[in-house]
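A quick write-up on the structure given underneath.
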Amino acid sequence: MIFLKKVNIGKNVSIYPMPVTLVGSKVEEKPNFMTVAWITRVNAAPPMLAVSLNKPRYTAKGIRENKTFSVNFPKVDMAEQTDYCGLKTAPMIKSCPLSFECMLMDIIELPTNDLFIGEIVNGYADEQSFTEGELDVHKINPLLLTMPDNRYWSVGDYVGDAWSIGGRQGKLSEK
Ligand SMILES: Cc1cc2nc3c(=O)[nH]c(=O)nc-3n(C[C@H](O)[C@H](O)[C@H](O)COP(=O)(O)O)c2cc1C
């Protein structure tokens, strides 16, 4: 293996790239959606995820009030509307091909953000999102984000099977 020279890019870095989601909650009886890229699965069983919301977010108020929220994955062709939800608020949920329904389990308070941990109680995908019974990433066509350049992307090519292609490495080193 060749070790290339590394450039120090500082510590204010983000997961690279990130899926862009729309997190929905009901605030004062009205549906509210915000764009969230700081999201990750955090527990295996029961399935849980966490979303990180900056303290002043209106959506956070709704999650605290109702103890439920949804996570919705917009398609690449929804980039403009998704960006709009990151600037203003607008309901737009039906057009997302993939959605999770979450029940609030815990809130971890951090200096600038609050981490909302939700148990995933249900997942929904559009009928057209499957190939041979499996979710098809190209059909879902999720919107991705890179920071700090703040640019949107789509998913690229298939690379190989996870928990599988690494096995070949073992065989090579055994030789
Ligand atoms: C691409 C993108 C990703 C974003 N990710 C987050 C995030 O992970 N957490 C967060 O608190 N705000 C994030 N924002 C900002 C919020 O979406 C934005 O402030 C929104 O208007 C908040 O809505 P609310 O106050 O109605 O909840 C993001 C914005 C954009 C455009």
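Following the order of the structure tokens, chains are lettered A, B, ..., residues in each are numbered from 1, and ligands are numbered from 1.
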Enumerate residues in contact with ligand 1: an atom-to-atom distance of at most 10 Å, counting only C-alpha atoms and all ligand atoms. Format the result as a ChimeraX atom specification.
/A:18-25,27,31-39,51-63,79-90,112-115,143-147,150-152
Every residue of chain A that DSSP places in alpha helix (DSSP H), as a PDB file with C-alpha atoms, in the first residue's frame:
```
ATOM      1  CA  TYR A  58     -38.747  25.122  15.428  1.00  0.00           C
ATOM      2  CA  THR A  59     -38.898  21.395  14.527  1.00  0.00           C
ATOM      3  CA  ALA A  60     -37.172  20.517  17.820  1.00  0.00           C
ATOM      4  CA  LYS A  61     -40.046  22.155  19.701  1.00  0.00           C
ATOM      5  CA  GLY A  62     -42.528  19.865  17.921  1.00  0.00           C
ATOM      6  CA  ILE A  63     -40.486  16.724  18.649  1.00  0.00           C
ATOM      7  CA  ARG A  64     -40.304  17.659  22.320  1.00  0.00           C
ATOM      8  CA  GLU A  65     -44.075  18.318  22.387  1.00  0.00           C
ATOM      9  CA  ASN A  66     -45.292  15.223  20.500  1.00  0.00           C
ATOM     10  CA  ALA A  79     -33.024  19.183  -4.456  1.00  0.00           C
ATOM     11  CA  GLU A  80     -34.511  22.664  -4.904  1.00  0.00           C
ATOM     12  CA  GLN A  81     -37.522  22.050  -2.649  1.00  0.00           C
ATOM     13  CA  THR A  82     -35.262  20.342  -0.091  1.00  0.00           C
ATOM     14  CA  ASP A  83     -32.889  23.290  -0.080  1.00  0.00           C
ATOM     15  CA  TYR A  84     -35.912  25.556   0.400  1.00  0.00           C
ATOM     16  CA  CYS A  85     -36.887  23.543   3.521  1.00  0.00           C
ATOM     17  CA  VAL A 137     -30.640   2.873  -4.388  1.00  0.00           C
ATOM     18  CA  HIS A 138     -30.778   4.155  -7.961  1.00  0.00           C
ATOM     19  CA  LYS A 139     -34.573   4.086  -7.951  1.00  0.00           C
ATOM     20  CA  ILE A 140     -34.688   5.863  -4.587  1.00  0.00           C
ATOM     21  CA  GLY A 166     -13.112  -7.837   2.113  1.00  0.00           C
ATOM     22  CA  GLY A 167     -12.850 -11.653   2.170  1.00  0.00           C
ATOM     23  CA  ARG A 168     -10.833 -11.508  -1.056  1.00  0.00           C
ATOM     24  CA  GLN A 169      -8.224  -9.391   0.760  1.00  0.00           C
ATOM     25  CA  GLY A 170      -7.687 -12.252   3.243  1.00  0.00           C
ATOM     26  CA  LYS A 171      -7.157 -14.723   0.382  1.00  0.00           C
ATOM     27  CA  LEU A 172      -4.599 -12.385  -1.236  1.00  0.00           C
ATOM     28  CA  SER A 173      -2.573 -12.030   1.991  1.00  0.00           C
ATOM     29  CA  GLU A 174      -2.655 -15.811   2.565  1.00  0.00           C
TER      30      GLU A 174
END
```
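Pairwise distance (CA of Tyr16 (chain A), CA of Glu109 (chain A)) equals 23.7 Å.
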Residue list (strand (DSSP E or B), DSSP) for region 4-173 of chain A, as a PDB file with N, CA and C atoms, in the first residue's frame:
```pdb
ATOM      1  N   MET A  18     -23.057  13.025   3.174  1.00  0.00           N
ATOM      2  CA  MET A  18     -24.180  12.769   4.090  1.00  0.00           C
ATOM      3  C   MET A  18     -25.472  12.638   3.280  1.00  0.00           C
ATOM      4  N   PRO A  19     -26.370  11.748   3.725  1.00  0.00           N
ATOM      5  CA  PRO A  19     -27.679  11.754   3.072  1.00  0.00           C
ATOM      6  C   PRO A  19     -28.437  12.983   3.550  1.00  0.00           C
ATOM      7  N   THR A  21     -31.958  14.603   4.508  1.00  0.00           N
ATOM      8  CA  THR A  21     -33.308  14.142   4.858  1.00  0.00           C
ATOM      9  C   THR A  21     -34.201  15.339   5.180  1.00  0.00           C
ATOM     10  N   LEU A  22     -35.482  15.051   5.218  1.00  0.00           N
ATOM     11  CA  LEU A  22     -36.444  16.045   5.698  1.00  0.00           C
ATOM     12  C   LEU A  22     -37.057  15.470   6.964  1.00  0.00           C
ATOM     13  N   VAL A  23     -36.870  16.162   8.064  1.00  0.00           N
ATOM     14  CA  VAL A  23     -37.406  15.680   9.335  1.00  0.00           C
ATOM     15  C   VAL A  23     -38.709  16.425   9.601  1.00  0.00           C
ATOM     16  N   GLY A  24     -39.744  15.638   9.853  1.00  0.00           N
ATOM     17  CA  GLY A  24     -41.069  16.223  10.053  1.00  0.00           C
ATOM     18  C   GLY A  24     -41.531  16.085  11.489  1.00  0.00           C
ATOM     19  N   SER A  25     -42.210  17.102  11.951  1.00  0.00           N
ATOM     20  CA  SER A  25     -42.853  17.022  13.265  1.00  0.00           C
ATOM     21  C   SER A  25     -44.065  17.948  13.229  1.00  0.00           C
ATOM     22  N   LYS A  26     -44.925  17.793  14.204  1.00  0.00           N
ATOM     23  CA  LYS A  26     -46.089  18.672  14.294  1.00  0.00           C
ATOM     24  C   LYS A  26     -45.754  19.745  15.309  1.00  0.00           C
ATOM     25  N   VAL A  27     -45.782  21.007  14.891  1.00  0.00           N
ATOM     26  CA  VAL A  27     -45.524  22.087  15.841  1.00  0.00           C
ATOM     27  C   VAL A  27     -46.798  22.905  15.956  1.00  0.00           C
ATOM     28  N   LYS A  30     -49.504  22.032  13.559  1.00  0.00           N
ATOM     29  CA  LYS A  30     -49.260  22.148  12.114  1.00  0.00           C
ATOM     30  C   LYS A  30     -48.041  21.313  11.724  1.00  0.00           C
ATOM     31  N   PRO A  31     -48.110  20.580  10.568  1.00  0.00           N
ATOM     32  CA  PRO A  31     -46.939  19.819  10.137  1.00  0.00           C
ATOM     33  C   PRO A  31     -45.798  20.747   9.745  1.00  0.00           C
ATOM     34  N   ASN A  32     -44.596  20.380  10.161  1.00  0.00           N
ATOM     35  CA  ASN A  32     -43.421  21.219   9.896  1.00  0.00           C
ATOM     36  C   ASN A  32     -42.268  20.324   9.435  1.00  0.00           C
ATOM     37  N   PHE A  33     -41.562  20.730   8.412  1.00  0.00           N
ATOM     38  CA  PHE A  33     -40.433  19.935   7.913  1.00  0.00           C
ATOM     39  C   PHE A  33     -39.188  20.783   7.836  1.00  0.00           C
ATOM     40  N   MET A  34     -38.065  20.192   8.231  1.00  0.00           N
ATOM     41  CA  MET A  34     -36.786  20.885   8.073  1.00  0.00           C
ATOM     42  C   MET A  34     -35.767  19.943   7.438  1.00  0.00           C
ATOM     43  N   THR A  35     -34.815  20.505   6.745  1.00  0.00           N
ATOM     44  CA  THR A  35     -33.760  19.734   6.102  1.00  0.00           C
ATOM     45  C   THR A  35     -32.710  19.366   7.138  1.00  0.00           C
ATOM     46  N   VAL A  36     -32.339  18.087   7.188  1.00  0.00           N
ATOM     47  CA  VAL A  36     -31.354  17.617   8.167  1.00  0.00           C
ATOM     48  C   VAL A  36     -30.368  16.666   7.484  1.00  0.00           C
ATOM     49  N   ILE A  39     -27.500  13.134  10.580  1.00  0.00           N
ATOM     50  CA  ILE A  39     -28.370  12.030  10.988  1.00  0.00           C
ATOM     51  C   ILE A  39     -27.605  10.726  10.878  1.00  0.00           C
ATOM     52  N   THR A  40     -27.878   9.790  11.807  1.00  0.00           N
ATOM     53  CA  THR A  40     -27.239   8.470  11.721  1.00  0.00           C
ATOM     54  C   THR A  40     -28.022   7.416  12.489  1.00  0.00           C
ATOM     55  N   ARG A  41     -27.910   6.156  12.069  1.00  0.00           N
ATOM     56  CA  ARG A  41     -28.445   5.022  12.821  1.00  0.00           C
ATOM     57  C   ARG A  41     -27.562   4.858  14.055  1.00  0.00           C
ATOM     58  N   VAL A  42     -28.160   4.682  15.260  1.00  0.00           N
ATOM     59  CA  VAL A  42     -27.348   4.592  16.477  1.00  0.00           C
ATOM     60  C   VAL A  42     -27.576   3.346  17.311  1.00  0.00           C
ATOM     61  N   ASN A  43     -28.577   2.533  17.017  1.00  0.00           N
ATOM     62  CA  ASN A  43     -28.781   1.296  17.793  1.00  0.00           C
ATOM     63  C   ASN A  43     -29.305   0.205  16.873  1.00  0.00           C
ATOM     64  N   MET A  48     -32.735   2.201  16.161  1.00  0.00           N
ATOM     65  CA  MET A  48     -32.833   3.611  16.582  1.00  0.00           C
ATOM     66  C   MET A  48     -31.948   4.465  15.696  1.00  0.00           C
ATOM     67  N   LEU A  49     -32.352   5.713  15.509  1.00  0.00           N
ATOM     68  CA  LEU A  49     -31.503   6.680  14.814  1.00  0.00           C
ATOM     69  C   LEU A  49     -31.447   7.958  15.631  1.00  0.00           C
ATOM     70  N   ALA A  50     -30.517   8.840  15.274  1.00  0.00           N
ATOM     71  CA  ALA A  50     -30.400  10.121  15.974  1.00  0.00           C
ATOM     72  C   ALA A  50     -30.303  11.239  14.957  1.00  0.00           C
ATOM     73  N   VAL A  51     -30.987  12.329  15.237  1.00  0.00           N
ATOM     74  CA  VAL A  51     -30.862  13.523  14.403  1.00  0.00           C
ATOM     75  C   VAL A  51     -30.333  14.652  15.283  1.00  0.00           C
ATOM     76  N   SER A  52     -29.455  15.428  14.723  1.00  0.00           N
ATOM     77  CA  SER A  52     -28.844  16.511  15.485  1.00  0.00           C
ATOM     78  C   SER A  52     -29.435  17.839  15.029  1.00  0.00           C
ATOM     79  N   LEU A  53     -30.141  18.496  15.934  1.00  0.00           N
ATOM     80  CA  LEU A  53     -30.802  19.754  15.566  1.00  0.00           C
ATOM     81  C   LEU A  53     -30.203  20.910  16.345  1.00  0.00           C
ATOM     82  N   ASN A  54     -29.890  21.945  15.628  1.00  0.00           N
ATOM     83  CA  ASN A  54     -29.382  23.159  16.238  1.00  0.00           C
ATOM     84  C   ASN A  54     -30.441  23.697  17.198  1.00  0.00           C
ATOM     85  N   THR A  68     -42.780  12.357  18.740  1.00  0.00           N
ATOM     86  CA  THR A  68     -42.659  11.569  17.508  1.00  0.00           C
ATOM     87  C   THR A  68     -42.079  12.466  16.423  1.00  0.00           C
ATOM     88  N   PHE A  69     -41.431  11.851  15.440  1.00  0.00           N
ATOM     89  CA  PHE A  69     -40.954  12.592  14.266  1.00  0.00           C
ATOM     90  C   PHE A  69     -40.798  11.628  13.109  1.00  0.00           C
ATOM     91  N   SER A  70     -40.761  12.188  11.892  1.00  0.00           N
ATOM     92  CA  SER A  70     -40.534  11.335  10.732  1.00  0.00           C
ATOM     93  C   SER A  70     -39.257  11.774  10.046  1.00  0.00           C
ATOM     94  N   VAL A  71     -38.607  10.805   9.378  1.00  0.00           N
ATOM     95  CA  VAL A  71     -37.390  11.094   8.614  1.00  0.00           C
ATOM     96  C   VAL A  71     -37.684  10.671   7.188  1.00  0.00           C
ATOM     97  N   ASN A  72     -37.542  11.598   6.257  1.00  0.00           N
ATOM     98  CA  ASN A  72     -37.937  11.353   4.869  1.00  0.00           C
ATOM     99  C   ASN A  72     -36.777  11.642   3.943  1.00  0.00           C
ATOM    100  N   PHE A  73     -36.578  10.753   2.970  1.00  0.00           N
ATOM    101  CA  PHE A  73     -35.429  10.874   2.062  1.00  0.00           C
ATOM    102  C   PHE A  73     -35.893  11.426   0.715  1.00  0.00           C
ATOM    103  N   LYS A  75     -35.737  12.671  -3.207  1.00  0.00           N
ATOM    104  CA  LYS A  75     -34.997  12.253  -4.393  1.00  0.00           C
ATOM    105  C   LYS A  75     -34.140  13.411  -4.883  1.00  0.00           C
ATOM    106  N   LEU A  98     -38.812   7.332   0.441  1.00  0.00           N
ATOM    107  CA  LEU A  98     -38.473   6.520   1.609  1.00  0.00           C
ATOM    108  C   LEU A  98     -38.696   7.350   2.872  1.00  0.00           C
ATOM    109  N   SER A  99     -39.421   6.788   3.847  1.00  0.00           N
ATOM    110  CA  SER A  99     -39.707   7.517   5.095  1.00  0.00           C
ATOM    111  C   SER A  99     -39.661   6.582   6.287  1.00  0.00           C
ATOM    112  N   PHE A 100     -39.209   7.101   7.405  1.00  0.00           N
ATOM    113  CA  PHE A 100     -39.207   6.354   8.667  1.00  0.00           C
ATOM    114  C   PHE A 100     -40.049   7.116   9.683  1.00  0.00           C
ATOM    115  N   GLU A 101     -40.784   6.352  10.482  1.00  0.00           N
ATOM    116  CA  GLU A 101     -41.590   6.943  11.558  1.00  0.00           C
ATOM    117  C   GLU A 101     -40.840   6.668  12.859  1.00  0.00           C
ATOM    118  N   CYS A 102     -40.596   7.681  13.655  1.00  0.00           N
ATOM    119  CA  CYS A 102     -39.769   7.489  14.857  1.00  0.00           C
ATOM    120  C   CYS A 102     -40.489   7.958  16.109  1.00  0.00           C
ATOM    121  N   MET A 103     -40.195   7.258  17.210  1.00  0.00           N
ATOM    122  CA  MET A 103     -40.745   7.609  18.515  1.00  0.00           C
ATOM    123  C   MET A 103     -39.580   8.115  19.360  1.00  0.00           C
ATOM    124  N   LEU A 104     -39.733   9.279  19.947  1.00  0.00           N
ATOM    125  CA  LEU A 104     -38.635   9.869  20.712  1.00  0.00           C
ATOM    126  C   LEU A 104     -38.272   9.001  21.920  1.00  0.00           C
ATOM    127  N   MET A 105     -36.986   8.666  22.035  1.00  0.00           N
ATOM    128  CA  MET A 105     -36.511   7.838  23.152  1.00  0.00           C
ATOM    129  C   MET A 105     -35.687   8.641  24.143  1.00  0.00           C
ATOM    130  N   ASP A 106     -34.903   9.585  23.608  1.00  0.00           N
ATOM    131  CA  ASP A 106     -33.985  10.317  24.480  1.00  0.00           C
ATOM    132  C   ASP A 106     -33.534  11.607  23.785  1.00  0.00           C
ATOM    133  N   ILE A 107     -33.120  12.558  24.588  1.00  0.00           N
ATOM    134  CA  ILE A 107     -32.530  13.785  24.036  1.00  0.00           C
ATOM    135  C   ILE A 107     -31.197  13.986  24.731  1.00  0.00           C
ATOM    136  N   ILE A 108     -30.159  14.148  23.938  1.00  0.00           N
ATOM    137  CA  ILE A 108     -28.846  14.442  24.527  1.00  0.00           C
ATOM    138  C   ILE A 108     -28.524  15.902  24.194  1.00  0.00           C
ATOM    139  N   GLU A 109     -28.338  16.680  25.237  1.00  0.00           N
ATOM    140  CA  GLU A 109     -28.094  18.108  25.026  1.00  0.00           C
ATOM    141  C   GLU A 109     -26.605  18.365  24.878  1.00  0.00           C
ATOM    142  N   ASN A 113     -26.136  21.963  19.681  1.00  0.00           N
ATOM    143  CA  ASN A 113     -27.204  21.146  19.097  1.00  0.00           C
ATOM    144  C   ASN A 113     -27.810  20.226  20.145  1.00  0.00           C
ATOM    145  N   ASP A 114     -29.025  19.752  19.878  1.00  0.00           N
ATOM    146  CA  ASP A 114     -29.603  18.685  20.690  1.00  0.00           C
ATOM    147  C   ASP A 114     -29.742  17.461  19.804  1.00  0.00           C
ATOM    148  N   LEU A 115     -29.361  16.308  20.370  1.00  0.00           N
ATOM    149  CA  LEU A 115     -29.412  15.053  19.624  1.00  0.00           C
ATOM    150  C   LEU A 115     -30.702  14.340  20.009  1.00  0.00           C
ATOM    151  N   PHE A 116     -31.603  14.186  19.032  1.00  0.00           N
ATOM    152  CA  PHE A 116     -32.883  13.526  19.294  1.00  0.00           C
ATOM    153  C   PHE A 116     -32.766  12.063  18.860  1.00  0.00           C
ATOM    154  N   ILE A 117     -32.885  11.154  19.821  1.00  0.00           N
ATOM    155  CA  ILE A 117     -32.762   9.730  19.515  1.00  0.00           C
ATOM    156  C   ILE A 117     -34.166   9.147  19.420  1.00  0.00           C
ATOM    157  N   GLY A 118     -34.448   8.545  18.280  1.00  0.00           N
ATOM    158  CA  GLY A 118     -35.785   7.994  18.074  1.00  0.00           C
ATOM    159  C   GLY A 118     -35.726   6.526  17.736  1.00  0.00           C
ATOM    160  N   GLU A 119     -36.690   5.766  18.265  1.00  0.00           N
ATOM    161  CA  GLU A 119     -36.813   4.374  17.836  1.00  0.00           C
ATOM    162  C   GLU A 119     -37.607   4.369  16.530  1.00  0.00           C
ATOM    163  N   ILE A 120     -37.098   3.641  15.541  1.00  0.00           N
ATOM    164  CA  ILE A 120     -37.804   3.566  14.249  1.00  0.00           C
ATOM    165  C   ILE A 120     -38.954   2.576  14.423  1.00  0.00           C
ATOM    166  N   VAL A 121     -40.179   3.067  14.368  1.00  0.00           N
ATOM    167  CA  VAL A 121     -41.316   2.177  14.599  1.00  0.00           C
ATOM    168  C   VAL A 121     -41.913   1.669  13.291  1.00  0.00           C
ATOM    169  N   ASN A 122     -41.604   2.324  12.183  1.00  0.00           N
ATOM    170  CA  ASN A 122     -42.071   1.886  10.875  1.00  0.00           C
ATOM    171  C   ASN A 122     -41.263   2.534   9.762  1.00  0.00           C
ATOM    172  N   GLY A 123     -41.095   1.801   8.670  1.00  0.00           N
ATOM    173  CA  GLY A 123     -40.436   2.361   7.490  1.00  0.00           C
ATOM    174  C   GLY A 123     -41.362   2.192   6.297  1.00  0.00           C
ATOM    175  N   TYR A 124     -41.355   3.153   5.375  1.00  0.00           N
ATOM    176  CA  TYR A 124     -42.226   3.084   4.190  1.00  0.00           C
ATOM    177  C   TYR A 124     -41.410   3.411   2.953  1.00  0.00           C
ATOM    178  N   ALA A 125     -41.636   2.656   1.886  1.00  0.00           N
ATOM    179  CA  ALA A 125     -40.957   2.961   0.622  1.00  0.00           C
ATOM    180  C   ALA A 125     -41.972   2.904  -0.508  1.00  0.00           C
ATOM    181  N   PHE A 130     -38.291  -0.703  -5.660  1.00  0.00           N
ATOM    182  CA  PHE A 130     -37.682  -2.021  -5.465  1.00  0.00           C
ATOM    183  C   PHE A 130     -37.226  -2.646  -6.781  1.00  0.00           C
ATOM    184  N   THR A 131     -36.172  -3.469  -6.689  1.00  0.00           N
ATOM    185  CA  THR A 131     -35.780  -4.352  -7.789  1.00  0.00           C
ATOM    186  C   THR A 131     -35.620  -5.736  -7.169  1.00  0.00           C
ATOM    187  N   GLU A 134     -35.788  -6.008  -3.312  1.00  0.00           N
ATOM    188  CA  GLU A 134     -34.842  -5.234  -2.474  1.00  0.00           C
ATOM    189  C   GLU A 134     -34.960  -3.755  -2.838  1.00  0.00           C
ATOM    190  N   LEU A 135     -34.768  -2.885  -1.832  1.00  0.00           N
ATOM    191  CA  LEU A 135     -34.719  -1.456  -2.127  1.00  0.00           C
ATOM    192  C   LEU A 135     -33.585  -1.209  -3.116  1.00  0.00           C
ATOM    193  N   PRO A 142     -31.314   8.935  -3.662  1.00  0.00           N
ATOM    194  CA  PRO A 142     -31.281   9.895  -2.550  1.00  0.00           C
ATOM    195  C   PRO A 142     -30.339  11.072  -2.826  1.00  0.00           C
ATOM    196  N   LEU A 144     -27.539  13.607  -1.766  1.00  0.00           N
ATOM    197  CA  LEU A 144     -26.389  13.616  -0.854  1.00  0.00           C
ATOM    198  C   LEU A 144     -25.823  15.020  -0.738  1.00  0.00           C
ATOM    199  N   LEU A 145     -25.111  15.255   0.351  1.00  0.00           N
ATOM    200  CA  LEU A 145     -24.517  16.576   0.605  1.00  0.00           C
ATOM    201  C   LEU A 145     -23.064  16.413   1.001  1.00  0.00           C
ATOM    202  N   THR A 146     -22.207  17.298   0.533  1.00  0.00           N
ATOM    203  CA  THR A 146     -20.857  17.372   1.089  1.00  0.00           C
ATOM    204  C   THR A 146     -20.679  18.744   1.731  1.00  0.00           C
ATOM    205  N   ARG A 151     -22.377  21.219  -1.303  1.00  0.00           N
ATOM    206  CA  ARG A 151     -22.851  20.864  -2.642  1.00  0.00           C
ATOM    207  C   ARG A 151     -23.669  19.579  -2.567  1.00  0.00           C
ATOM    208  N   TYR A 152     -24.699  19.491  -3.428  1.00  0.00           N
ATOM    209  CA  TYR A 152     -25.558  18.315  -3.518  1.00  0.00           C
ATOM    210  C   TYR A 152     -25.051  17.367  -4.596  1.00  0.00           C
ATOM    211  N   TRP A 153     -25.252  16.056  -4.360  1.00  0.00           N
ATOM    212  CA  TRP A 153     -24.770  15.015  -5.267  1.00  0.00           C
ATOM    213  C   TRP A 153     -25.811  13.905  -5.363  1.00  0.00           C
TER     214      TRP A 153
END
```
Just how far from CA of Pro97 (chain A) is CA of Gln128 (chain A), in Å to one decimal?
8.5 Å
Just the number, please: distance in Å from CA of Met78 (chain A) to CA of Asn141 (chain A), one decimal.
10.1 Å
